[in-house]
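Printed here is run-v1.txt (compact mmCIF, C-alpha atoms and all ligand atoms):
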```txt
# COMPACT_ATOMS: atom_id res chain seq x y z
CA MET A 1 -0.28 203.93 114.46
CA ASN A 2 1.84 207.01 115.14
CA SER A 3 -0.27 210.12 114.88
CA SER A 4 1.64 212.92 116.59
CA ASP A 5 4.26 215.36 115.32
CA GLN A 6 6.16 214.96 118.55
CA ASN A 7 9.50 213.13 118.25
CA ILE A 8 10.98 211.15 121.06
CA ILE A 9 14.21 209.24 121.26
CA LEU A 10 13.94 205.46 121.57
CA LYS A 11 17.07 203.95 123.03
CA VAL A 12 17.40 200.18 123.18
CA CYS A 13 20.05 199.23 125.69
CA GLY A 14 22.14 196.15 126.38
CA MET A 15 22.78 195.08 122.78
CA ARG A 16 25.51 192.56 122.01
CA ASP A 17 24.41 190.10 119.35
CA ILE A 18 25.37 191.12 115.79
CA GLU A 19 22.22 189.78 114.09
CA ASN A 20 20.00 191.17 116.81
CA ILE A 21 21.62 194.61 116.39
CA GLN A 22 20.97 194.50 112.65
CA ALA A 23 17.36 193.38 113.18
CA ALA A 24 16.73 196.14 115.72
CA SER A 25 18.19 198.65 113.28
CA ASP A 26 15.91 197.33 110.51
CA ALA A 27 12.98 197.71 112.93
CA GLY A 28 13.73 201.43 113.18
CA VAL A 29 15.90 201.68 116.30
CA SER A 30 18.65 204.26 115.83
CA LEU A 31 20.10 204.64 119.34
CA MET A 32 21.58 201.59 121.04
CA GLY A 33 23.31 201.03 124.35
CA PHE A 34 26.37 198.83 124.92
CA ILE A 35 27.33 197.81 128.43
CA PHE A 36 30.89 198.26 129.66
CA TYR A 37 30.07 197.25 133.23
CA GLU A 38 31.58 193.88 134.06
CA LYS A 39 28.94 192.82 136.57
CA SER A 40 26.11 193.20 134.08
CA LYS A 41 24.50 190.24 132.30
CA ARG A 42 24.81 192.38 129.19
CA PHE A 43 28.52 193.14 129.53
CA ILE A 44 30.43 192.95 126.26
CA GLN A 45 33.59 190.93 126.79
CA PRO A 46 36.69 192.79 125.54
CA GLU A 47 37.57 190.09 123.01
CA LEU A 48 34.15 190.43 121.31
CA ARG A 49 34.13 194.21 121.05
CA ALA A 50 36.01 194.71 117.79
CA GLU A 51 33.74 192.37 115.82
CA ILE A 52 30.54 193.72 117.37
CA PHE A 53 31.39 197.39 116.93
CA SER A 54 32.63 196.98 113.38
CA SER A 55 29.28 195.37 112.46
CA ILE A 56 27.06 198.17 113.78
CA PRO A 57 25.22 199.95 110.94
CA ASP A 58 26.46 203.51 110.29
CA ASN A 59 23.10 205.10 111.09
CA ILE A 60 23.13 203.78 114.67
CA LYS A 61 24.12 206.17 117.41
CA LYS A 62 26.18 204.27 119.97
CA VAL A 63 25.82 204.75 123.72
CA GLY A 64 28.46 203.27 126.02
CA VAL A 65 27.14 202.50 129.51
CA PHE A 66 29.64 202.78 132.37
CA VAL A 67 29.56 202.54 136.17
CA ASN A 68 32.19 204.43 138.18
CA GLU A 69 34.99 203.79 135.69
CA SER A 70 38.14 205.90 135.51
CA ILE A 71 37.90 208.84 133.13
CA ASP A 72 40.90 207.48 131.23
CA PHE A 73 39.15 204.15 130.63
CA VAL A 74 35.99 205.86 129.37
CA LYS A 75 38.09 208.11 127.10
CA LYS A 76 39.85 205.11 125.61
CA ILE A 77 36.58 203.33 124.88
CA VAL A 78 34.95 206.47 123.43
CA HIS A 79 37.82 206.81 120.96
CA GLU A 80 38.18 203.13 120.19
CA TYR A 81 34.50 202.61 119.34
CA ASN A 82 33.57 206.12 118.30
CA LEU A 83 30.79 206.44 120.89
CA ASP A 84 28.17 209.12 120.31
CA PHE A 85 27.11 209.12 123.96
CA VAL A 86 28.39 207.98 127.33
CA GLN A 87 25.73 206.93 129.86
CA LEU A 88 26.92 207.11 133.46
CA HIS A 89 25.18 204.81 135.96
CA GLY A 90 27.33 205.19 139.06
CA GLU A 91 28.20 207.98 141.47
CA GLU A 92 30.00 210.07 138.85
CA ASP A 93 30.12 213.67 140.06
CA PRO A 94 29.50 216.83 137.98
CA SER A 95 33.21 217.40 137.30
CA TYR A 96 33.52 213.83 135.98
CA CYS A 97 30.57 214.49 133.64
CA GLU A 98 32.23 217.73 132.48
CA ALA A 99 35.42 215.84 131.67
CA ILE A 100 33.52 213.28 129.58
CA LYS A 101 31.59 216.08 127.88
CA THR A 102 34.80 217.31 126.30
CA LEU A 103 34.82 214.00 124.36
CA THR A 104 31.21 213.16 123.56
CA LYS A 105 27.62 213.64 124.72
CA VAL A 106 26.73 212.63 128.26
CA ILE A 107 23.65 210.96 129.73
CA LYS A 108 23.72 210.94 133.53
CA ALA A 109 21.50 208.29 135.12
CA PHE A 110 19.80 208.58 138.49
CA SER A 111 18.12 205.81 140.48
CA VAL A 112 14.65 206.96 141.38
CA ASP A 113 12.27 205.80 144.08
CA GLU A 114 9.47 207.55 145.96
CA SER A 115 11.97 209.45 148.13
CA PHE A 116 14.26 210.64 145.31
CA ASP A 117 15.49 214.19 145.88
CA PHE A 118 15.51 215.97 142.51
CA SER A 119 17.61 218.83 143.90
CA ILE A 120 20.70 216.66 143.33
CA THR A 121 20.16 216.93 139.58
CA ALA A 122 20.79 220.69 139.69
CA ASP A 123 24.57 220.22 139.46
CA TYR A 124 24.23 218.05 136.35
CA GLN A 125 22.42 220.51 134.12
CA SER A 126 25.22 220.70 131.59
CA CYS A 127 24.76 217.01 130.71
CA ASP A 128 23.04 216.45 127.39
CA TYR A 129 20.37 214.27 129.00
CA LEU A 130 19.49 213.00 132.43
CA LEU A 131 18.06 209.50 132.69
CA PHE A 132 15.60 208.53 135.40
CA ASP A 133 15.88 204.80 136.08
CA ALA A 134 14.25 202.80 138.90
CA LYS A 135 16.25 202.24 142.06
CA GLY A 136 16.90 198.52 142.47
CA LYS A 137 19.49 196.02 143.70
CA GLU A 138 21.58 196.28 140.54
CA ARG A 139 23.17 199.37 138.97
CA GLY A 140 20.76 199.12 136.07
CA GLY A 141 18.71 196.56 134.20
CA ASN A 142 16.59 195.80 137.27
CA GLY A 143 13.41 195.44 135.23
CA ILE A 144 11.36 197.40 137.73
CA GLN A 145 9.36 200.58 137.42
CA TYR A 146 8.72 203.46 139.78
CA ASN A 147 5.72 205.75 139.96
CA TRP A 148 6.31 208.24 137.13
CA ASP A 149 4.20 210.86 138.90
CA ILE A 150 7.31 211.77 140.91
CA LEU A 151 8.90 213.09 137.70
CA GLN A 152 6.61 216.12 137.93
CA GLN A 153 8.98 217.26 140.70
CA TYR A 154 11.69 217.62 138.03
CA THR A 155 11.55 221.23 136.87
CA LEU A 156 15.00 221.89 135.37
CA ASP A 157 15.69 222.49 131.68
CA THR A 158 17.92 219.54 130.85
CA PRO A 159 15.85 216.97 128.91
CA PHE A 160 15.51 213.46 130.30
CA LEU A 161 14.99 209.88 129.22
CA LEU A 162 12.40 207.76 131.01
CA SER A 163 13.74 204.37 132.02
CA GLY A 164 13.27 201.41 134.33
CA GLY A 165 11.42 198.20 133.51
CA LEU A 166 9.67 199.47 130.39
CA GLY A 167 8.02 196.66 128.45
CA PRO A 168 5.93 196.09 125.35
CA GLU A 169 2.73 196.55 127.35
CA ASP A 170 3.69 200.07 128.42
CA ALA A 171 3.06 201.91 125.15
CA GLY A 172 -0.32 203.23 126.32
CA LYS A 173 1.08 204.40 129.64
CA ILE A 174 3.94 206.17 127.85
CA ASN A 175 1.47 207.82 125.44
CA SER A 176 -0.41 209.22 128.43
CA PHE A 177 2.68 210.41 130.30
CA LYS A 178 3.26 214.13 129.83
CA HIS A 179 6.31 216.14 130.87
CA LYS A 180 7.73 219.05 128.92
CA LYS A 181 11.30 217.80 129.38
CA LEU A 182 10.64 214.20 128.34
CA ALA A 183 13.02 213.65 125.44
CA GLY A 184 12.91 209.90 125.12
CA ILE A 185 12.58 206.43 126.54
CA ASP A 186 15.13 203.76 127.25
CA VAL A 187 14.13 200.10 127.03
CA ASN A 188 16.09 197.06 128.03
CA SER A 189 15.24 193.88 129.96
CA GLY A 190 11.50 194.19 129.32
CA PHE A 191 12.12 193.37 125.66
CA GLU A 192 14.54 190.49 126.19
CA SER A 193 14.14 186.82 125.39
CA ALA A 194 17.56 186.24 127.03
CA PRO A 195 20.18 188.65 128.41
CA ALA A 196 21.19 191.07 125.63
CA MET A 197 18.79 189.45 123.09
CA LYS A 198 15.86 191.68 122.23
CA ASN A 199 12.55 190.42 120.89
CA ILE A 200 12.32 192.32 117.62
CA GLU A 201 8.62 191.63 117.05
CA ASN A 202 7.87 193.19 120.44
CA ILE A 203 9.98 196.21 119.54
CA LYS A 204 8.15 196.67 116.24
CA SER A 205 4.75 196.31 117.85
CA PHE A 206 5.75 198.71 120.66
CA ILE A 207 6.92 201.37 118.17
CA SER A 208 3.68 201.02 116.21
CA LYS A 209 1.62 201.65 119.36
CA LEU A 210 3.47 204.81 120.42
CA THR A 211 1.56 207.91 119.39
CA CYS A 212 4.75 209.96 119.09
CA ASN A 213 7.37 209.37 116.41
CA THR A 214 10.55 207.71 117.57
CA GLN A 215 13.97 208.80 116.40
O1 LIG B 301 21.38 196.69 131.50
C1 LIG B 301 22.24 196.56 132.37
O2 LIG B 301 22.63 195.44 132.72
C2 LIG B 301 22.82 197.76 133.05
C3 LIG B 301 23.86 197.56 133.92
C4 LIG B 301 24.45 198.65 134.55
C5 LIG B 301 23.98 199.92 134.32
C6 LIG B 301 22.92 200.13 133.47
C7 LIG B 301 22.31 199.07 132.83
N1 LIG B 301 21.24 199.25 131.98
C8 LIG B 301 20.38 200.37 132.05
O3 LIG B 301 19.40 200.13 133.06
C9 LIG B 301 18.25 200.85 132.78
C10 LIG B 301 16.98 200.10 133.10
O4 LIG B 301 16.94 198.84 132.53
P1 LIG B 301 15.62 197.93 132.63
O5 LIG B 301 14.66 198.45 131.60
O6 LIG B 301 15.08 198.07 133.99
O7 LIG B 301 16.08 196.56 132.32
C11 LIG B 301 18.34 201.29 131.34
O8 LIG B 301 18.60 202.68 131.41
C12 LIG B 301 19.58 200.62 130.80
O9 LIG B 301 20.21 201.55 129.95
```

Just dump the structure as structure tokens.
Ligand SMILES: O=C(O)c1ccccc1N[C@@H]1O[C@H](COP(=O)(O)O)[C@@H](O)[C@H]1O
Amino acid sequence: MNSSDQNIILKVCGMRDIENIQAASDAGVSLMGFIFYEKSKRFIQPELRAEIFSSIPDNIKKVGVFVNESIDFVKKIVHEYNLDFVQLHGEEDPSYCEAIKTLTKVIKAFSVDESFDFSITADYQSCDYLLFDAKGKERGGNGIQYNWDILQQYTLDTPFLLSGGLGPEDAGKINSFKHKKLAGIDVNSGFESAPAMKNIENIKSFISKLTCNTQ
């Protein structure tokens, strides 16, 4: 039961299956991530993109996820699929983020562990959101969490998304987590029955247990 006036963004990442996208949309998800990183299990093959993107309901905000791609490639994809956001999961520097910001909104991801130095985020304050994922072997989608207490060291104004191994059982922990710059949460492998296939019942049950409203 949602009982708060607070709104947070719920992003479901790594979508690829047309029926699963529709079902997630029907469940109330309005921000979805699509992976343009070839080494990911959730990569969308170029030949499937046109059909997938033309099927996405109009109310869905589309996030393209990239890792150290050329700016020209990202630009092309933003225009081709009308992306509302670009999420950057590599070593993209502040000037790269600025260049993408001329096209669409930018989410810059950082890999966090207990020794993460938040001072590096200072140069990324013009991004629309930062995203704090867990540091793991892969660029993203590692399915592991870090100790969220470290996020209290983040004191800048740019809002952030909480990410990294979030699963259906984490609703209570998310409800208890407080940070004035928390803008949303990003879920992925913790809700999968197979790569890029989300368990819709788990998403519905998760949303119902969050005390904030999701948007
Ligand atoms: O999901 C992927 O395969 C992926 C690949 C490369 C960059 C980012 C990726 N996904 C992002 O990873 C995080 C955490 O995912 P998880 O919950 O630990 O599975 C999330 O921000 C996804 O957007």

task: Using all atoms listed in the file, pick whichever of A:Tyr146, A:Tyr124, A:Phe177, A:Phe118 has the shortest atom-to-atom distance to ligand LIG 301 (chain B).
output: A:Tyr146

Show me which residues line ligand LIG 301 (chain B), defined as having an atom within 7 Å of a ligand atom where only C-alpha atoms and all ligand atoms count, and present them as a short mmCIF file (atom, residue, chain, number, x, y, z; two decimals) with C-alpha atoms, keeping the file's coordinate frame.
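Everything below was put into out_31.cif:
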```cif
data_model
loop_
_atom_site.label_atom_id
_atom_site.label_comp_id
_atom_site.auth_asym_id
_atom_site.auth_seq_id
_atom_site.Cartn_x
_atom_site.Cartn_y
_atom_site.Cartn_z
CA CYS A 13 20.05 199.23 125.69
CA GLY A 14 22.14 196.15 126.38
CA GLY A 33 23.31 201.03 124.35
CA ILE A 35 27.33 197.81 128.43
CA TYR A 37 30.07 197.25 133.23
CA SER A 40 26.11 193.20 134.08
CA LYS A 41 24.50 190.24 132.30
CA ARG A 42 24.81 192.38 129.19
CA VAL A 65 27.14 202.50 129.51
CA PHE A 66 29.64 202.78 132.37
CA VAL A 67 29.56 202.54 136.17
CA HIS A 89 25.18 204.81 135.96
CA LEU A 131 18.06 209.50 132.69
CA ASP A 133 15.88 204.80 136.08
CA ALA A 134 14.25 202.80 138.90
CA ARG A 139 23.17 199.37 138.97
CA GLY A 140 20.76 199.12 136.07
CA GLY A 141 18.71 196.56 134.20
CA ASN A 142 16.59 195.80 137.27
CA GLY A 143 13.41 195.44 135.23
CA ILE A 144 11.36 197.40 137.73
CA SER A 163 13.74 204.37 132.02
CA GLY A 164 13.27 201.41 134.33
CA GLY A 165 11.42 198.20 133.51
CA LEU A 166 9.67 199.47 130.39
CA ASP A 186 15.13 203.76 127.25
CA VAL A 187 14.13 200.10 127.03
CA ASN A 188 16.09 197.06 128.03
CA SER A 189 15.24 193.88 129.96
CA GLY A 190 11.50 194.19 129.32
#
```

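Using all atoms listed in the file, the smallest distance between any of A:Ala183, A:Ala27, A:Ile120, A:Val12 and Ser205 (chain A) comes from A:Ala27.
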
- request: Just the residues within 8 Å of Thr104 (chain A), please, counting only C-alpha atoms, with nothing from its chain fewer than 3 positions along; format it as a list in words.
  value: Val78, Leu83, Asp84, Phe85, Val86, Ile100 and Lys101 of chain A

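Candidate residues A:Leu156, A:Leu88, A:Leu182, A:Ile150 were compared for distance to Thr121 (chain A), and the nearest is A:Leu156, using only C-alpha atoms.
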
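Counting all atoms listed in the file, the residue from A:Gln6, A:Ser55, A:Asn175, A:Ser119 that sits nearest to Glu19 (chain A) is A:Ser55.
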
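Distance check against Lys209 (chain A) using all atoms listed in the file: of A:Ser176, A:Asn147, A:Asn82, A:Ser25, the minimum falls on A:Ser176.
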
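The spacing separating CA of Pro195 (chain A) from CA of Asn59 (chain A) amounts to 24.1 Å.
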
- prompt: Please, what distance in Å, to one decimal, runs between CA of Ile18 (chain A) and CA of Ile56 (chain A)?
  reply: 7.5 Å

message: I'd like the interatomic distance between CA of Phe36 (chain A) and CA of Ile60 (chain A), to a tenth of an Å.
response: 17.8 Å

- line: From the list A:Pro57, A:Pro168, A:Pro46, A:Gly136, the nearest residue to Lys204 (chain A) using only C-alpha atoms is A:Pro168

query: So which residues touch Glu80 (chain A) within 12 Å, counting all atoms listed in the file, skipping near sequence neighbours fewer than 3 positions away, as a ChimeraX atom specification?
result: /A:46,49-50,53-54,64,73-77,83-84

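Residues with any atom within 6 Å of Gly167 (chain A), counting all atoms listed in the file and excluding same-chain neighbours fewer than 2 positions away, are Glu169, Asp170, Gly190 and Phe191 of chain A.
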
Written selection (C-alpha atoms) as a PDB file, keeping the file's coordinate frame:
```pdb
ATOM      1  CA  GLU A 169       2.730 196.550 127.350  1.00  0.00           C
ATOM      2  CA  ASP A 170       3.690 200.070 128.420  1.00  0.00           C
ATOM      3  CA  GLY A 190      11.500 194.190 129.320  1.00  0.00           C
ATOM      4  CA  PHE A 191      12.120 193.370 125.660  1.00  0.00           C
TER       5      PHE A 191
END
```

- request: Excluding Cys97 (chain A) and residues on its chain fewer than 4 positions from it, collect all residues at most 8 Å away from it, counting all atoms listed in the file, and give them as a PyMOL selection string.
  value: chain A and resi 92-93+101+106+108+124+127
